[in-house]
file input_11.cif (mmCIF, C-alpha atoms and all ligand atoms)
data_data
loop_
_atom_site.label_atom_id
_atom_site.label_comp_id
_atom_site.auth_asym_id
_atom_site.auth_seq_id
_atom_site.Cartn_x
_atom_site.Cartn_y
_atom_site.Cartn_z
CA MET P 1 5.05 19.59 34.32
CA ALA P 2 7.19 18.37 31.42
CA THR P 3 7.80 20.84 28.59
CA LEU P 4 8.38 20.22 24.89
CA ASN P 5 12.08 20.81 25.49
CA ASP P 6 12.13 18.21 28.28
CA CYS P 7 10.60 15.71 25.82
CA ARG P 8 13.23 16.51 23.18
CA GLU P 9 15.92 16.08 25.80
CA ARG P 10 14.57 12.68 26.79
CA ASP P 11 14.52 11.60 23.14
CA ALA P 12 18.13 12.72 22.72
CA GLN P 13 19.13 10.52 25.67
CA ASP P 14 16.92 7.56 24.78
CA PRO P 15 19.14 4.49 24.24
CA LEU P 16 16.39 2.90 22.09
CA ARG P 17 16.02 5.92 19.80
CA ALA P 18 17.89 4.31 16.88
CA LEU P 19 15.32 1.50 16.65
CA ARG P 20 12.97 3.97 14.95
CA GLU P 21 15.19 3.64 11.86
CA HIS P 22 13.87 0.10 11.40
CA PHE P 23 10.50 1.52 10.33
CA MET P 24 8.98 3.49 7.46
CA LEU P 25 6.91 5.99 9.41
CA PRO P 26 5.12 8.57 7.26
CA GLU P 27 6.67 12.01 7.81
CA GLY P 28 4.92 14.10 10.44
CA LEU P 29 2.60 11.34 11.63
CA VAL P 30 2.25 10.43 15.30
CA TYR P 31 1.13 6.83 15.10
CA LEU P 32 -0.55 5.60 18.27
CA ASP P 33 -2.26 2.58 16.73
CA GLY P 34 0.51 0.01 16.70
CA ASN P 35 -1.69 -2.03 19.01
CA SER P 36 -4.05 -2.49 16.06
CA LEU P 37 -1.66 -2.58 13.10
CA GLY P 38 2.08 -2.17 13.53
CA VAL P 39 4.14 0.11 11.27
CA LEU P 40 5.81 -1.18 8.08
CA PRO P 41 9.36 -2.43 8.82
CA ARG P 42 11.94 -0.73 6.59
CA ALA P 43 13.32 -4.13 5.55
CA ALA P 44 9.93 -5.50 4.46
CA PRO P 45 9.45 -4.01 0.94
CA ALA P 46 12.80 -5.25 -0.39
CA ARG P 47 12.46 -8.60 1.38
CA MET P 48 8.96 -9.05 -0.07
CA ALA P 49 10.18 -8.08 -3.55
CA GLN P 50 12.91 -10.71 -3.22
CA ALA P 51 10.46 -13.35 -2.02
CA VAL P 52 8.14 -12.61 -4.94
CA GLY P 53 10.67 -11.94 -7.71
CA GLU P 54 13.42 -14.41 -6.88
CA GLU P 55 12.01 -17.09 -4.60
CA TRP P 56 8.62 -17.40 -6.29
CA GLY P 57 9.54 -15.96 -9.71
CA ARG P 58 12.75 -17.86 -10.36
CA GLY P 59 12.93 -20.52 -7.67
CA LEU P 60 9.31 -21.63 -8.08
CA ILE P 61 8.54 -24.95 -6.40
CA GLY P 62 12.20 -25.48 -5.48
CA SER P 63 11.93 -22.57 -3.04
CA TRP P 64 10.12 -24.81 -0.54
CA ASN P 65 13.52 -26.36 0.11
CA GLU P 66 16.07 -23.88 -1.23
CA ALA P 67 14.57 -20.63 0.09
CA GLY P 68 13.57 -22.17 3.41
CA TRP P 69 9.81 -21.82 2.91
CA TYR P 70 9.15 -25.17 4.51
CA ALA P 71 10.75 -24.14 7.80
CA LEU P 72 9.14 -20.69 7.96
CA PRO P 73 6.37 -21.49 10.48
CA THR P 74 8.85 -22.93 12.97
CA ARG P 75 11.66 -20.46 12.22
CA VAL P 76 9.42 -17.44 12.84
CA GLY P 77 7.79 -19.28 15.74
CA ASP P 78 11.18 -19.71 17.42
CA LYS P 79 11.87 -15.99 17.05
CA ILE P 80 8.53 -15.13 18.67
CA GLY P 81 9.30 -17.70 21.36
CA ARG P 82 12.25 -15.53 22.44
CA LEU P 83 9.77 -12.72 23.20
CA VAL P 84 7.34 -14.80 25.24
CA GLY P 85 9.61 -17.08 27.27
CA ALA P 86 9.16 -20.19 25.10
CA ALA P 87 12.00 -22.56 24.22
CA PRO P 88 12.96 -23.28 20.59
CA GLY P 89 10.48 -25.69 19.00
CA GLU P 90 7.57 -24.65 21.22
CA VAL P 91 5.89 -22.04 18.99
CA VAL P 92 4.59 -22.11 15.41
CA THR P 93 3.20 -19.26 13.33
CA THR P 94 0.08 -20.22 11.44
CA ASP P 95 -3.53 -19.26 10.71
CA SER P 96 -5.27 -16.45 12.62
CA THR P 97 -5.56 -15.88 16.36
CA SER P 98 -9.23 -16.91 16.16
CA VAL P 99 -8.42 -20.21 14.43
CA ASN P 100 -5.52 -20.98 16.77
CA LEU P 101 -7.73 -20.30 19.76
CA PHE P 102 -10.23 -22.80 18.38
CA LYS P 103 -7.46 -25.41 18.13
CA VAL P 104 -6.09 -24.92 21.62
CA LEU P 105 -9.49 -24.70 23.29
CA SER P 106 -10.55 -27.90 21.53
CA ALA P 107 -7.42 -29.75 22.57
CA ALA P 108 -7.69 -28.42 26.11
CA LEU P 109 -11.35 -29.47 26.40
CA SER P 110 -10.44 -32.94 25.14
CA MET P 111 -7.77 -33.22 27.82
CA VAL P 112 -10.17 -32.15 30.53
CA ALA P 113 -12.90 -34.45 29.25
CA GLN P 114 -10.50 -37.35 29.74
CA ASP P 115 -8.82 -36.27 32.99
CA ALA P 116 -11.75 -34.64 34.80
CA PRO P 117 -15.04 -35.26 32.99
CA GLY P 118 -17.10 -33.45 35.64
CA ARG P 119 -15.61 -30.11 34.67
CA ARG P 120 -17.88 -28.43 32.14
CA VAL P 121 -17.21 -24.69 32.37
CA ILE P 122 -14.91 -22.19 30.62
CA VAL P 123 -14.34 -19.03 32.66
CA SER P 124 -13.51 -15.73 30.98
CA GLU P 125 -14.25 -12.00 31.15
CA ARG P 126 -17.20 -10.27 29.50
CA ASP P 127 -14.65 -7.59 28.48
CA ASN P 128 -12.47 -10.06 26.61
CA PHE P 129 -11.97 -9.46 22.88
CA PRO P 130 -15.18 -10.60 21.18
CA THR P 131 -13.65 -13.18 18.84
CA ASP P 132 -12.24 -15.04 21.86
CA LEU P 133 -15.71 -15.13 23.42
CA TYR P 134 -17.40 -16.13 20.17
CA ILE P 135 -15.00 -19.01 19.54
CA ALA P 136 -15.39 -20.22 23.14
CA GLU P 137 -19.17 -19.91 22.93
CA ALA P 138 -19.31 -21.87 19.68
CA LEU P 139 -17.14 -24.64 21.14
CA CYS P 140 -19.18 -24.74 24.34
CA ARG P 141 -22.34 -25.24 22.28
CA GLU P 142 -20.75 -27.99 20.25
CA ARG P 143 -19.11 -29.82 23.15
CA GLY P 144 -21.74 -29.31 25.86
CA PHE P 145 -19.74 -26.89 27.99
CA THR P 146 -20.85 -23.57 29.54
CA LEU P 147 -19.14 -20.20 29.20
CA ARG P 148 -19.08 -18.35 32.53
CA LEU P 149 -18.23 -14.65 32.15
CA VAL P 150 -17.28 -12.29 34.96
CA ASP P 151 -17.81 -8.53 34.83
CA GLU P 152 -14.74 -7.49 36.81
CA PRO P 153 -11.30 -9.12 37.14
CA ASP P 154 -11.80 -9.28 40.92
CA ALA P 155 -14.60 -11.76 40.34
CA LEU P 156 -12.34 -14.31 38.62
CA ALA P 157 -11.25 -15.96 41.86
CA ASP P 158 -14.88 -16.63 42.85
CA ALA P 159 -15.73 -17.93 39.39
CA LEU P 160 -13.02 -20.59 39.64
CA GLN P 161 -15.23 -23.32 41.12
CA PRO P 162 -14.68 -27.09 41.04
CA ASP P 163 -16.76 -27.34 37.84
CA VAL P 164 -14.27 -25.24 35.83
CA ALA P 165 -12.31 -26.84 33.00
CA LEU P 166 -10.47 -23.81 31.59
CA LEU P 167 -9.62 -20.27 32.50
CA MET P 168 -9.34 -18.35 29.20
CA LEU P 169 -7.96 -14.82 29.46
CA THR P 170 -6.34 -12.15 27.33
CA GLN P 171 -3.33 -10.88 29.25
CA VAL P 172 -3.74 -7.22 28.22
CA ASN P 173 -7.30 -6.03 27.75
CA TYR P 174 -7.78 -4.60 24.25
CA ARG P 175 -10.10 -1.79 25.39
CA THR P 176 -8.67 -0.69 28.71
CA GLY P 177 -5.02 -1.71 28.49
CA ALA P 178 -5.32 -3.44 31.89
CA LEU P 179 -2.65 -6.12 32.40
CA HIS P 180 -3.39 -9.36 34.22
CA ASP P 181 -0.90 -11.08 36.50
CA MET P 182 -0.41 -14.24 34.48
CA ALA P 183 1.45 -16.20 37.16
CA GLN P 184 -1.09 -15.44 39.86
CA LEU P 185 -4.15 -16.24 37.75
CA SER P 186 -2.65 -19.40 36.26
CA ALA P 187 -1.83 -20.54 39.80
CA GLN P 188 -5.42 -19.86 40.88
CA ALA P 189 -6.72 -21.84 37.90
CA HIS P 190 -4.41 -24.76 38.70
CA ALA P 191 -5.32 -24.66 42.39
CA CYS P 192 -8.94 -25.16 41.37
CA GLY P 193 -7.96 -27.98 39.01
CA ALA P 194 -8.44 -26.02 35.76
CA LEU P 195 -6.06 -25.25 32.88
CA ALA P 196 -4.94 -21.72 31.91
CA VAL P 197 -5.30 -20.56 28.29
CA TRP P 198 -3.75 -17.14 27.52
CA ASP P 199 -4.24 -14.82 24.55
CA LEU P 200 -1.11 -12.67 24.08
CA ALA P 201 -2.54 -10.48 21.27
CA HIS P 202 -1.75 -7.23 23.11
CA SER P 203 1.24 -8.51 25.07
CA ALA P 204 3.64 -10.24 22.65
CA GLY P 205 6.19 -7.55 21.75
CA ALA P 206 4.50 -5.08 24.13
CA VAL P 207 5.29 -6.37 27.62
CA PRO P 208 7.76 -9.00 28.86
CA VAL P 209 6.03 -12.40 28.85
CA ASP P 210 7.30 -15.64 30.35
CA LEU P 211 4.87 -18.43 29.52
CA HIS P 212 6.72 -21.01 31.62
CA ALA P 213 7.14 -18.83 34.71
CA GLY P 214 3.58 -17.60 34.15
CA GLY P 215 2.20 -21.12 34.51
CA ALA P 216 0.40 -21.05 31.16
CA ASP P 217 -0.89 -24.30 29.66
CA PHE P 218 -1.79 -22.94 26.20
CA ALA P 219 -1.26 -19.60 24.47
CA VAL P 220 -2.08 -17.86 21.20
CA GLY P 221 -1.10 -14.44 19.93
CA CYS P 222 -1.34 -11.99 17.07
CA GLY P 223 1.25 -11.14 14.41
CA TYR P 224 0.04 -7.78 13.12
CA LYS P 225 -0.08 -5.71 16.33
CA TYR P 226 3.13 -5.19 18.35
CA LEU P 227 4.98 -7.75 16.19
CA ASN P 228 4.60 -5.46 13.14
CA GLY P 229 3.87 -8.38 10.80
CA GLY P 230 1.56 -6.52 8.39
CA PRO P 231 -2.19 -6.58 7.76
CA GLY P 232 -3.64 -10.02 8.43
CA ALA P 233 -0.23 -11.45 9.41
CA PRO P 234 -0.30 -15.08 10.61
CA ALA P 235 -0.78 -15.60 14.34
CA PHE P 236 1.13 -17.92 16.66
CA VAL P 237 0.36 -20.78 18.98
CA TRP P 238 2.19 -22.32 21.96
CA VAL P 239 1.34 -25.41 23.97
CA HIS P 240 3.17 -26.43 27.12
CA PRO P 241 5.53 -29.33 26.27
CA ARG P 242 3.85 -31.53 28.91
CA HIS P 243 0.53 -31.30 27.01
CA VAL P 244 1.55 -30.91 23.41
CA ASP P 245 1.74 -34.57 22.40
CA ARG P 246 -1.33 -35.70 24.35
CA PHE P 247 -4.11 -34.69 21.95
CA TRP P 248 -4.79 -33.99 18.31
CA GLN P 249 -6.08 -30.58 17.54
CA PRO P 250 -9.27 -30.81 15.44
CA LEU P 251 -7.99 -29.01 12.30
CA ALA P 252 -5.67 -31.90 11.61
CA GLY P 253 -4.58 -30.85 8.12
CA TRP P 254 -1.69 -32.41 6.25
CA TRP P 255 0.86 -29.86 7.54
CA SER P 256 0.17 -31.14 11.05
CA HIS P 257 0.98 -34.70 9.96
CA ALA P 258 4.16 -36.46 11.10
CA ALA P 259 5.23 -36.95 7.47
CA PRO P 260 3.15 -34.72 5.17
CA PHE P 261 5.06 -35.63 2.04
CA GLU P 262 4.50 -39.35 2.39
CA PHE P 263 0.86 -38.71 1.45
CA THR P 264 -0.45 -41.60 3.52
CA PRO P 265 -4.23 -41.96 3.90
CA GLY P 266 -4.04 -42.40 7.69
CA TYR P 267 -3.39 -39.51 10.05
CA GLN P 268 -0.40 -39.50 12.34
CA PRO P 269 0.14 -36.21 14.18
CA ALA P 270 3.56 -34.59 14.12
CA ALA P 271 5.41 -34.63 17.42
CA GLY P 272 5.42 -31.32 19.22
CA ILE P 273 3.92 -27.99 18.26
CA ALA P 274 4.01 -28.76 14.50
CA ARG P 275 0.75 -30.67 15.01
CA TYR P 276 -0.91 -27.27 15.50
CA LEU P 277 -0.26 -26.37 11.86
CA CYS P 278 -3.10 -27.08 9.47
CA GLY P 279 -2.68 -26.43 5.73
CA THR P 280 -0.03 -24.87 3.49
CA PRO P 281 1.39 -21.78 5.20
CA PRO P 282 1.03 -18.28 3.65
CA VAL P 283 4.68 -17.89 2.64
CA LEU P 284 4.52 -14.23 1.63
CA SER P 285 2.68 -13.21 4.79
CA LEU P 286 5.14 -15.17 6.91
CA THR P 287 8.01 -13.44 5.11
CA ALA P 288 6.58 -10.05 6.09
CA LEU P 289 5.90 -11.26 9.63
CA GLU P 290 9.54 -12.32 10.00
CA CYS P 291 10.62 -8.75 9.11
CA GLY P 292 8.23 -7.47 11.78
CA VAL P 293 9.43 -9.86 14.48
CA ASP P 294 13.03 -8.94 13.59
CA THR P 295 12.25 -5.29 14.44
CA VAL P 296 11.41 -6.35 18.00
CA LEU P 297 14.41 -8.67 18.24
CA ALA P 298 16.59 -5.72 17.16
CA ALA P 299 16.10 -4.45 20.72
CA GLU P 300 17.82 -7.55 22.19
CA PRO P 301 21.34 -6.04 22.26
CA LEU P 302 19.84 -2.94 23.93
CA GLY P 303 18.13 -4.78 26.78
CA GLY P 304 15.31 -6.47 24.89
CA MET P 305 11.76 -6.57 26.20
CA ALA P 306 12.81 -5.26 29.63
CA ALA P 307 14.24 -2.10 28.06
CA LEU P 308 11.22 -1.74 25.76
CA ARG P 309 8.93 -2.13 28.76
CA GLU P 310 10.76 0.55 30.71
CA LYS P 311 10.39 2.99 27.81
CA SER P 312 6.76 2.03 27.20
CA LEU P 313 5.89 2.83 30.83
CA ALA P 314 7.78 6.13 30.62
CA LEU P 315 5.80 7.03 27.46
CA THR P 316 2.41 6.10 28.94
CA ASP P 317 3.24 7.82 32.27
CA LEU P 318 4.09 11.00 30.35
CA PHE P 319 0.93 10.79 28.23
CA ILE P 320 -1.27 10.34 31.31
CA ALA P 321 0.40 13.24 33.15
CA LEU P 322 0.15 15.59 30.16
CA VAL P 323 -3.49 14.71 29.46
CA GLU P 324 -4.45 15.19 33.11
CA SER P 325 -2.74 18.56 33.39
CA ARG P 326 -3.50 20.00 29.95
CA CYS P 327 -6.97 18.56 29.18
CA ALA P 328 -8.48 18.96 32.65
CA GLY P 329 -12.13 20.02 32.56
CA HIS P 330 -12.79 18.44 29.16
CA GLY P 331 -14.62 15.38 30.45
CA LEU P 332 -11.88 12.80 29.82
CA SER P 333 -11.32 10.09 32.40
CA LEU P 334 -8.48 7.59 32.59
CA VAL P 335 -9.59 3.98 32.12
CA THR P 336 -6.16 2.36 32.04
CA PRO P 337 -4.70 1.41 35.44
CA ARG P 338 -2.09 3.82 36.82
CA GLU P 339 -0.22 1.04 38.57
CA HIS P 340 2.65 -0.12 36.35
CA ALA P 341 2.14 -3.78 37.21
CA ARG P 342 -1.45 -3.51 35.91
CA ARG P 343 -0.81 -1.51 32.73
CA GLY P 344 -0.07 -2.79 29.21
CA SER P 345 1.37 -0.55 26.48
CA GLN P 346 -1.69 1.59 25.76
CA VAL P 347 -3.69 4.35 27.40
CA CYS P 348 -7.46 4.61 27.13
CA LEU P 349 -9.54 7.65 27.93
CA ALA P 350 -13.30 7.51 28.36
CA ARG P 351 -15.67 10.32 27.46
CA ALA P 352 -19.46 10.48 27.71
CA GLU P 353 -19.80 12.18 24.33
CA GLY P 354 -17.83 12.63 21.13
CA ALA P 355 -15.12 9.99 21.58
CA TYR P 356 -15.40 8.81 17.97
CA ALA P 357 -15.38 12.35 16.55
CA ILE P 358 -12.43 13.41 18.70
CA VAL P 359 -10.41 10.48 17.35
CA GLN P 360 -11.36 11.45 13.78
CA ALA P 361 -10.35 15.08 14.41
CA LEU P 362 -7.02 13.88 15.82
CA ILE P 363 -6.41 11.70 12.76
CA ALA P 364 -7.04 14.74 10.54
CA ARG P 365 -4.29 16.47 12.55
CA GLY P 366 -1.86 13.57 12.05
CA VAL P 367 -2.32 11.81 15.39
CA VAL P 368 -3.62 8.29 14.80
CA GLY P 369 -5.38 6.58 17.69
CA ASP P 370 -8.64 4.69 17.56
CA PHE P 371 -12.09 4.45 19.06
CA ARG P 372 -13.81 1.60 20.85
CA ALA P 373 -17.52 1.70 21.64
CA GLY P 374 -18.62 1.55 25.26
CA ASP P 375 -21.51 -0.42 26.66
CA ALA P 376 -24.20 1.87 28.03
CA ALA P 377 -26.05 -1.03 29.68
CA ARG P 378 -22.96 -1.71 31.82
CA GLY P 379 -22.11 1.93 32.49
CA ARG P 380 -19.07 1.80 30.19
CA GLU P 381 -18.39 5.02 28.27
CA ASP P 382 -16.94 5.18 24.76
CA ILE P 383 -13.17 5.01 24.65
CA LEU P 384 -10.36 6.88 22.89
CA ARG P 385 -7.52 4.40 22.62
CA PHE P 386 -3.82 5.22 22.20
CA GLY P 387 -1.20 2.49 21.73
CA PHE P 388 2.46 3.21 22.49
CA THR P 389 5.08 1.22 20.63
CA PRO P 390 8.46 2.14 22.17
CA LEU P 391 10.30 0.83 19.11
CA TYR P 392 9.28 3.82 17.01
CA LEU P 393 7.69 6.39 19.33
CA GLY P 394 9.50 9.09 21.23
CA PHE P 395 8.68 11.50 24.00
CA GLU P 396 8.17 14.39 21.59
CA ASP P 397 5.53 12.26 19.82
CA VAL P 398 3.69 12.03 23.13
CA TRP P 399 3.91 15.79 23.53
CA GLN P 400 2.58 16.40 20.00
CA ALA P 401 -0.30 13.96 20.52
CA VAL P 402 -1.45 15.74 23.67
CA GLU P 403 -0.93 19.17 22.04
CA GLN P 404 -3.29 18.17 19.21
CA LEU P 405 -5.80 16.70 21.67
CA VAL P 406 -5.82 20.01 23.55
CA GLN P 407 -6.50 21.87 20.28
CA VAL P 408 -9.31 19.52 19.25
CA LEU P 409 -11.02 19.91 22.63
CA GLU P 410 -10.52 23.65 23.02
CA THR P 411 -11.68 24.55 19.50
CA GLY P 412 -14.57 22.09 19.68
CA GLU P 413 -13.76 21.17 16.06
CA TRP P 414 -14.69 17.54 16.75
CA ARG P 415 -18.34 18.63 16.53
CA ARG P 416 -17.99 19.03 12.75
CA PRO P 417 -20.37 16.63 10.94
CA ASP P 418 -17.62 14.98 8.89
CA PHE P 419 -15.84 13.88 12.08
CA ASN P 420 -19.09 12.35 13.34
CA ARG P 421 -19.76 10.09 10.34
CA LYS P 422 -18.86 6.48 11.22
CA GLN P 423 -16.70 4.45 8.83
CA ALA P 424 -16.80 0.68 8.38
CA VAL P 425 -13.61 0.05 10.33
CA THR P 426 -13.18 2.03 13.55
C1 LIG C 501 -6.52 -8.60 17.84
C2 LIG C 501 -7.07 -9.73 18.64
C3 LIG C 501 -7.55 -10.89 18.02
C4 LIG C 501 -7.55 -10.96 16.52
O1 LIG C 501 -8.00 -12.16 16.04
P1 LIG C 501 -7.93 -12.46 14.48
O2 LIG C 501 -8.28 -13.87 14.36
O3 LIG C 501 -6.57 -12.09 14.01
O4 LIG C 501 -8.91 -11.56 13.81
C5 LIG C 501 -7.99 -11.92 18.81
N1 LIG C 501 -8.00 -11.82 20.16
C6 LIG C 501 -7.56 -10.71 20.78
C7 LIG C 501 -7.57 -10.64 22.27
C8 LIG C 501 -7.11 -9.63 20.05
O5 LIG C 501 -6.68 -8.52 20.65
#
call {"tool": "encode", "arguments": {"input": "input_11.cif", "output": "structure tokens"}}
result
Amino acid sequence: MATLNDCRERDAQDPLRALREHFMLPEGLVYLDGNSLGVLPRAAPARMAQAVGEEWGRGLIGSWNEAGWYALPTRVGDKIGRLVGAAPGEVVTTDSTSVNLFKVLSAALSMVAQDAPGRRVIVSERDNFPTDLYIAEALCRERGFTLRLVDEPDALADALQPDVALLMLTQVNYRTGALHDMAQLSAQAHACGALAVWDLAHSAGAVPVDLHAGGADFAVGCGYKYLNGGPGAPAFVWVHPRHVDRFWQPLAGWWSHAAPFEFTPGYQPAAGIARYLCGTPPVLSLTALECGVDTVLAAEPLGGMAALREKSLALTDLFIALVESRCAGHGLSLVTPREHARRGSQVCLARAEGAYAIVQALIARGVVGDFRAGDAARGREDILRFGFTPLYLGFEDVWQAVEQLVQVLETGEWRRPDFNRKQAVT
């Protein structure tokens, strides 16, 4: 079994080690929640101060042209495109993941309604992130479609019947960290005559993604998780070039117009992905997001997403091995797939009792993970969730996290009432 010294040795030899300097990590903290909110990029405070003080303060309205504000949604979109296998001009950053999903699902349903009106079903997983299901459910109600949910990934193939319009999946499951095979599932959707809509919230910046090779038709993703864009950072949207000019998206605001500054009363959608913009972009939030995306692009000279992926798997392998050897007999079970091809960049442990309190006790000891509630009706236990961002985590961090977990379990300190009091945000 690996020792603390082995972990230090691996850190010393880690070719990605220097990337940690791109972040402002609080001293002594082991942060395993970058899958929920990425760490502050070191460049962001000064860049934000400049955007506020100079661009807004002095440049005022002229900054739309002079400071490049107008191009921000496409400039940052192109940078994200490099991480997900999209060509320049195929991605824009705008709105939230929820809102972008509404736009792409609407456009996709309009396409299907025209091309194959008999198809009236959206297929997804009951374990998908709730906002994705809520948005799909709302649209189904409005447009007369049905949402068909499967309980296990194995059931997806059977659910893809001739009545299916769209397969809507999140590539990495937010609770379990299970990774779908995008190319295989998109191919299955296409073989049944349906379109494939992918949510990359837990995959952009976490695992290598190739939207074109993966056969995706539409994709959305999140800016504040592995892209380190800051709380509430704008999300992104991608539409395959063969579809993008076919339909309007329903939130056809003036920024999606072909010529927004001609102020014409009639709507004419912009060509390409710009038609998926809606209103005036949040310039300051986009400025922070660009700093976050730049932290991931900083890995490009060191092997990019492939190198980050290799380190991420090494970190999660080590965490799993240490937990299984050092926490045996404490009622934890591994939920995340062991198989590399099926694992994202997080590890989830289930426990029948005390998962929330154990996470709180770990946070008090400087190890930040999070808790996700199970579903007793479906035999799903509560989950302790640990995200591993290879940009700023090392092997010694993994060691320290497991060391604290051992302490929390062996002392039973998680039973303290203050660790069992639920807060508003878990
Ligand atoms: C984090 C996440 C979201 C977040 O949506 P918001 O609109 O930003 O709140 C959506 N979908 C998935 C799968 C996520 O993991």
call {"tool": "closest_atom_pairs", "arguments": {"input": "input_11.cif", "of": "segment 199-255 of chain P", "to": "segment 304-316 of chain P", "cutoff": "8 Å", "atoms": "only C-alpha atoms", "output": "CSV"}}
result
residue,atom,partner,partner_atom,distance
P:Gly205,CA,P:Met305,CA,7.2
P:Ala206,CA,P:Arg309,CA,7.1
P:Val207,CA,P:Arg309,CA,5.7
P:Pro208,CA,P:Met305,CA,5.4
call {"tool": "residues_around", "arguments": {"input": "input_11.cif", "residues": "Trp254 of chain P", "least_positions_apart": "4", "cutoff": "8 Å", "atoms": "only C-alpha atoms", "output": "ChimeraX atom specification"}}
result
/P:260,278-279
call {"tool": "residues_near_ligand", "arguments": {"input": "input_11.cif", "ligand": "ligand LIG 501 (chain C)", "cutoff": "6 Å", "atoms": "only C-alpha atoms and all ligand atoms", "output": "ChimeraX atom specification"}}
result
/P:96-98,129,131-132,170,174,199,201-202
call {"tool": "write_last_selection", "arguments": {"input": "input_11.cif", "atoms": "C-alpha atoms", "output": "short mmCIF file (atom, residue, chain, number, x, y, z; two decimals), keeping the file's coordinate frame"}}
result
data_model
loop_
_atom_site.label_atom_id
_atom_site.label_comp_id
_atom_site.auth_asym_id
_atom_site.auth_seq_id
_atom_site.Cartn_x
_atom_site.Cartn_y
_atom_site.Cartn_z
CA SER P 96 -5.27 -16.45 12.62
CA THR P 97 -5.56 -15.88 16.36
CA SER P 98 -9.23 -16.91 16.16
CA PHE P 129 -11.97 -9.46 22.88
CA THR P 131 -13.65 -13.18 18.84
CA ASP P 132 -12.24 -15.04 21.86
CA THR P 170 -6.34 -12.15 27.33
CA TYR P 174 -7.78 -4.60 24.25
CA ASP P 199 -4.24 -14.82 24.55
CA ALA P 201 -2.54 -10.48 21.27
CA HIS P 202 -1.75 -7.23 23.11
#
call {"tool": "residues_around", "arguments": {"input": "input_11.cif", "residues": "segment 68-78 of chain P", "least_positions_apart": "6", "cutoff": "12 Å", "atoms": "all atoms listed in the file", "output": "ChimeraX atom specification"}}
result
/P:51,55-56,59-62,84-95,220-223,227,229,233-238,255-256,260-261,272-294,297
call {"tool": "residues_around", "arguments": {"input": "input_11.cif", "residues": "Asp382 of chain P", "least_positions_apart": "3", "cutoff": "12 Å", "atoms": "all atoms listed in the file", "output": "list of chain:residue names"}}
result
P:Arg175, P:Thr176, P:Gly331, P:Leu332, P:Ser333, P:Leu334, P:Val335, P:Cys348, P:Leu349, P:Ala350, P:Arg351, P:Ala352, P:Glu353, P:Gly354, P:Ala355, P:Tyr356, P:Ala357, P:Ile358, P:Val359, P:Asp370, P:Phe371, P:Arg372, P:Ala373, P:Gly374, P:Asp375, P:Ala376, P:Arg378, P:Gly379, P:Arg385
call {"tool": "residues_around", "arguments": {"input": "input_11.cif", "residues": "Arg365 of chain P", "least_positions_apart": "5", "cutoff": "10 Å", "atoms": "all atoms listed in the file", "output": "list in words"}}
result
Gly28, Leu29, Val30, Val359, Gln360, Ala401, Gln404, Leu405, Gln407 and Val408 of chain P
call {"tool": "atom_distance", "arguments": {"input": "input_11.cif", "atom1": "atom CA of Val39 of chain P", "atom2": "atom CA of Ala298 of chain P"}}
result
15.0 Å
call {"tool": "atom_distance", "arguments": {"input": "input_11.cif", "atom1": "atom CA of Phe247 of chain P", "atom2": "atom CA of Phe102 of chain P"}}
result
13.8 Å
call {"tool": "atom_distance", "arguments": {"input": "input_11.cif", "atom1": "atom CA of Val244 of chain P", "atom2": "atom CA of Ala216 of chain P"}}
result
12.6 Å
call {"tool": "closest_residue", "arguments": {"input": "input_11.cif", "among": "P:Ala183, P:Ala189, P:His257, P:Lys225", "to": "Ala213 of chain P", "atoms": "only C-alpha atoms"}}
result
P:Ala183
call {"tool": "decode", "arguments": {"input": "input_11.cif", "residues": "segment 63-71 of chain P", "atoms": "N, CA and C atoms", "output": "PDB file, in the first residue's frame"}}
result
ATOM      1  N   SER P  63     -15.906  50.520 -23.987  1.00  0.00           N
ATOM      2  CA  SER P  63     -15.254  49.229 -23.765  1.00  0.00           C
ATOM      3  C   SER P  63     -15.923  48.104 -24.527  1.00  0.00           C
ATOM      4  N   TRP P  64     -17.168  48.288 -24.966  1.00  0.00           N
ATOM      5  CA  TRP P  64     -17.775  47.234 -25.800  1.00  0.00           C
ATOM      6  C   TRP P  64     -16.920  46.959 -27.022  1.00  0.00           C
ATOM      7  N   ASN P  65     -16.363  48.024 -27.604  1.00  0.00           N
ATOM      8  CA  ASN P  65     -15.464  47.840 -28.743  1.00  0.00           C
ATOM      9  C   ASN P  65     -14.008  47.733 -28.307  1.00  0.00           C
ATOM     10  N   GLU P  66     -13.562  48.745 -27.518  1.00  0.00           N
ATOM     11  CA  GLU P  66     -12.116  48.844 -27.246  1.00  0.00           C
ATOM     12  C   GLU P  66     -11.586  47.743 -26.341  1.00  0.00           C
ATOM     13  N   ALA P  67     -12.370  47.317 -25.364  1.00  0.00           N
ATOM     14  CA  ALA P  67     -11.872  46.286 -24.431  1.00  0.00           C
ATOM     15  C   ALA P  67     -12.286  44.885 -24.871  1.00  0.00           C
ATOM     16  N   GLY P  68     -12.968  44.805 -26.015  1.00  0.00           N
ATOM     17  CA  GLY P  68     -13.319  43.483 -26.533  1.00  0.00           C
ATOM     18  C   GLY P  68     -14.519  42.834 -25.846  1.00  0.00           C
ATOM     19  N   TRP P  69     -15.326  43.631 -25.167  1.00  0.00           N
ATOM     20  CA  TRP P  69     -16.497  43.043 -24.484  1.00  0.00           C
ATOM     21  C   TRP P  69     -17.434  42.350 -25.475  1.00  0.00           C
ATOM     22  N   TYR P  70     -17.585  42.990 -26.626  1.00  0.00           N
ATOM     23  CA  TYR P  70     -18.575  42.467 -27.583  1.00  0.00           C
ATOM     24  C   TYR P  70     -18.237  41.041 -28.014  1.00  0.00           C
ATOM     25  N   ALA P  71     -16.955  40.759 -28.127  1.00  0.00           N
ATOM     26  CA  ALA P  71     -16.530  39.442 -28.638  1.00  0.00           C
ATOM     27  C   ALA P  71     -16.402  38.396 -27.538  1.00  0.00           C
TER      28      ALA P  71
END
